[in-house]
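Student: I'd like to ask some things about the structure below.
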Amino acid sequence: MTTTIQSPRDLKPGTEAESTFRRWVSHLNEEFTRHPSVDRRSEIVRDELYQLFLGRPHGGKLNATLVSELASNTLFEGFDPRNVTLEPEYDGEIDYELYAPRKPLVYFWQMFDRSPLGLNYWLGLRFRHMIALHVFKHVGKGVRIYPHVDFTFGYNITLEDNCSIGRGAYLDDRHALVLSAGTQVAPHSRIVARA
């Protein structure tokens, strides 16, 4: 029996939704390009997560004195990457100067994949490609990154043109990790960079 490998179908959202999705990803790309500082990127991510998860803009200062709102306040504070620690920060091999401006974006990536929008493959592929441009050392054209991909630091990863990283894959980039053009990483696999 012969199996024919087919190209992925060219599926798209509705015209109005596609325009909105493209504008949102483009806007975020412009903001992250214009604002490389940790604080500004963290504010952008916090504000976007408020809208993704709560459907409303960030409302400013919280009333931390009300016991009845402690759970809500904990949730709200958790949208700000400056209030969150991520696993790579505990790794003794981290170059924190390289990681710090990437951390808000790594957190945004992880939270996007856990949001209702993370189920939208069309949008998710474009969102992750955009974020990867700011997190990884280099990202080529036609790169496809599926949901729940994880990596150690990000700043040591080079993805050449037309790479595909399957759902749930792990890229261990404690050292330089280069995936050559056309590489396809299977879902839930682990790629380890060697020194």
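Letters A, B, ... go to the chains of the structure tokens in the order shown; residues in each chain start at 1; ligands are counted from 1 in the same order.
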Which residues come within 9 Å of Ser164 of chain A, counting only C-alpha atoms, excluding same-chain residues fewer than 3 positions away, as a count of residues only?
Tutor: 11
Student: Please, which residues in segment 60-108 of chain A fall within 10 Å of segment 47-50 of chain A when counting only C-alpha atoms, and what is the closest atom pair and distance in Å to one decimal for each, ordered by chain then residue number, as a tab-separated table?
Tutor:
```
residue	atom	partner	partner_atom	distance
A:Gly60	CA	A:Asp47	CA	9.9
A:Leu75	CA	A:Tyr50	CA	9.7
A:Phe76	CA	A:Tyr50	CA	7.6
A:Gly78	CA	A:Leu49	CA	9.7
A:Phe79	CA	A:Leu49	CA	6.1
A:Asp80	CA	A:Asp47	CA	8.2
A:Phe108	CA	A:Leu49	CA	7.7
```
Student: So how many Å separate atom CA of Ser37 of chain A and atom CA of Gly59 of chain A, to one decimal?
Tutor: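 Between these atoms lies a distance of 22.2 Å.
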Student: With only C-alpha atoms as the atoms that count, which of A:Glu69, A:Glu97, A:Asp113, A:Asp150 lies nearest to Val38 of chain A?
Tutor: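 Going through A:Glu69, A:Glu97, A:Asp113, A:Asp150 one by one, the smallest distance to Val38 of chain A is for A:Glu97.
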Student: Using backbone DSSP assignments, extract all strand (DSSP E or B) residues from segment 21-195 of chain A; output them as a PyMOL selection string.
Tutor: chain A and resi 138-139+144-145+150-151+157-159+164-165+170-172+177-179+184-185+190-192
Student: For atom CA of Ser180 of chain A and atom CA of Arg194 of chain A, determine how far apart the two atoms are, in Å to one decimal place.
Tutor: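 Atom-to-atom, atom CA of Ser180 of chain A and atom CA of Arg194 of chain A are spaced 15.4 Å apart.
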Student: Let's see if you can do this: from backbone DSSP, list all helix (DSSP H, G or I) residues in segment 33-67 of chain A, as a ChimeraX atom specification.
Tutor: /A:33-34,38-54,67
Student: Take the residues from that selection and put them in a file with C-alpha atoms, as a CSV table (one decimal), in the first residue's frame.
Tutor:
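And here's result_23.csv as it stands now:
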```csv
chain,number,residue,atom,x,y,z
A,33,THR,CA,9.9,45.9,17.6
A,34,ARG,CA,9.5,49.4,18.8
A,38,VAL,CA,11.4,44.5,29.7
A,39,ASP,CA,8.9,46.9,31.4
A,40,ARG,CA,7.2,48.1,28.2
A,41,ARG,CA,7.0,44.6,26.7
A,42,SER,CA,5.5,43.4,30.1
A,43,GLU,CA,2.9,46.2,30.0
A,44,ILE,CA,1.9,45.3,26.4
A,45,VAL,CA,1.6,41.6,27.3
A,46,ARG,CA,-0.4,42.3,30.5
A,47,ASP,CA,-2.8,44.5,28.6
A,48,GLU,CA,-3.3,42.0,25.8
A,49,LEU,CA,-3.8,39.1,28.3
A,50,TYR,CA,-6.5,41.1,30.1
A,51,GLN,CA,-8.3,41.3,26.8
A,52,LEU,CA,-7.7,37.7,25.7
A,53,PHE,CA,-8.8,36.2,29.0
A,54,LEU,CA,-11.3,38.7,30.4
A,67,VAL,CA,-10.3,40.2,50.9
```
Student: Rank nothing, just name the residue among A:His148, A:Arg102, A:His58, A:Lys12 nearest to Ile131 of chain A, using only C-alpha atoms.
Tutor: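 Smallest distance to Ile131 of chain A is found for A:Arg102.
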Student: For Pro101 of chain A, which residue out of A:Ile157, A:Val135, A:Ala71, A:Leu28 is the nearest one, using only C-alpha atoms?
Tutor: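 Smallest separation from Pro101 of chain A among the options: A:Val135.
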Student: Neighbouring residues of segment 83-94 of chain A were defined as those with any atom within 7 Å, considering only C-alpha atoms; residues of the same chain fewer than 6 positions away were excluded. Please report them as a ChimeraX atom specification.
Tutor: /A:77,152-153
Student: Just the residues within 9 Å of His134 of chain A, please, counting only C-alpha atoms, with nothing from its chain fewer than 2 positions along; format it as a JSON list (two decimals) with C-alpha atoms, in the first residue's frame.
Tutor:
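Saved file around.json follows:
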```
[["chain", "number", "residue", "atom", "x", "y", "z"],
["A", 29, "ASN", "CA", 4.95, 42.86, 15.90],
["A", 32, "PHE", "CA", 7.54, 44.53, 20.21],
["A", 33, "THR", "CA", 9.93, 45.86, 17.57],
["A", 102, "ARG", "CA", 12.41, 37.82, 25.70],
["A", 105, "LEU", "CA", 7.13, 37.35, 24.95],
["A", 130, "MET", "CA", 5.71, 36.62, 14.88],
["A", 131, "ILE", "CA", 6.67, 36.01, 18.52],
["A", 132, "ALA", "CA", 9.48, 33.64, 17.46],
["A", 136, "PHE", "CA", 14.71, 33.15, 18.68],
["A", 137, "LYS", "CA", 18.10, 34.06, 17.27],
["A", 138, "HIS", "CA", 16.79, 33.72, 13.70],
["A", 139, "VAL", "CA", 13.54, 32.62, 12.07]]
```
Student: Between atom CA of Ala169 of chain A and atom CA of Val192 of chain A, what distance in Å does the model show, to one decimal?
Tutor: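 These two atoms are separated by 11.0 Å.
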Student: Name the residues in contact with Pro187 of chain A at a cut-off of 8 Å, using only C-alpha atoms, excluding same-chain residues fewer than 4 positions from it; report them as a ChimeraX atom specification.
Tutor: /A:165-169
Student: So that I have them on file, write out the residues from the current selection with N, CA and C atoms, as a JSON list (two decimals), in the first residue's frame.
Tutor:
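Writing done, so here's part_27.json:
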```json
[["chain", "number", "residue", "atom", "x", "y", "z"],
["A", 165, "ILE", "N", 7.70, 22.82, 13.35],
["A", 165, "ILE", "CA", 7.89, 22.30, 14.71],
["A", 165, "ILE", "C", 6.54, 21.79, 15.19],
["A", 166, "GLY", "N", 6.42, 20.48, 15.37],
["A", 166, "GLY", "CA", 5.16, 19.85, 15.71],
["A", 166, "GLY", "C", 4.68, 20.16, 17.12],
["A", 167, "ARG", "N", 3.40, 19.99, 17.29],
["A", 167, "ARG", "CA", 2.72, 20.24, 18.57],
["A", 167, "ARG", "C", 3.44, 19.54, 19.72],
["A", 168, "GLY", "N", 3.70, 20.30, 20.79],
["A", 168, "GLY", "CA", 4.26, 19.73, 22.01],
["A", 168, "GLY", "C", 5.73, 19.36, 21.93],
["A", 169, "ALA", "N", 6.43, 19.76, 20.87],
["A", 169, "ALA", "CA", 7.87, 19.46, 20.77],
["A", 169, "ALA", "C", 8.65, 20.31, 21.77]]
```
Student: Excluding same-chain residues fewer than 5 positions from Asn156 of chain A, what lies within 10 Å of it counting only C-alpha atoms, as number ranges by chain?
Tutor: A: 98, 135-138, 151, 172-178, 193
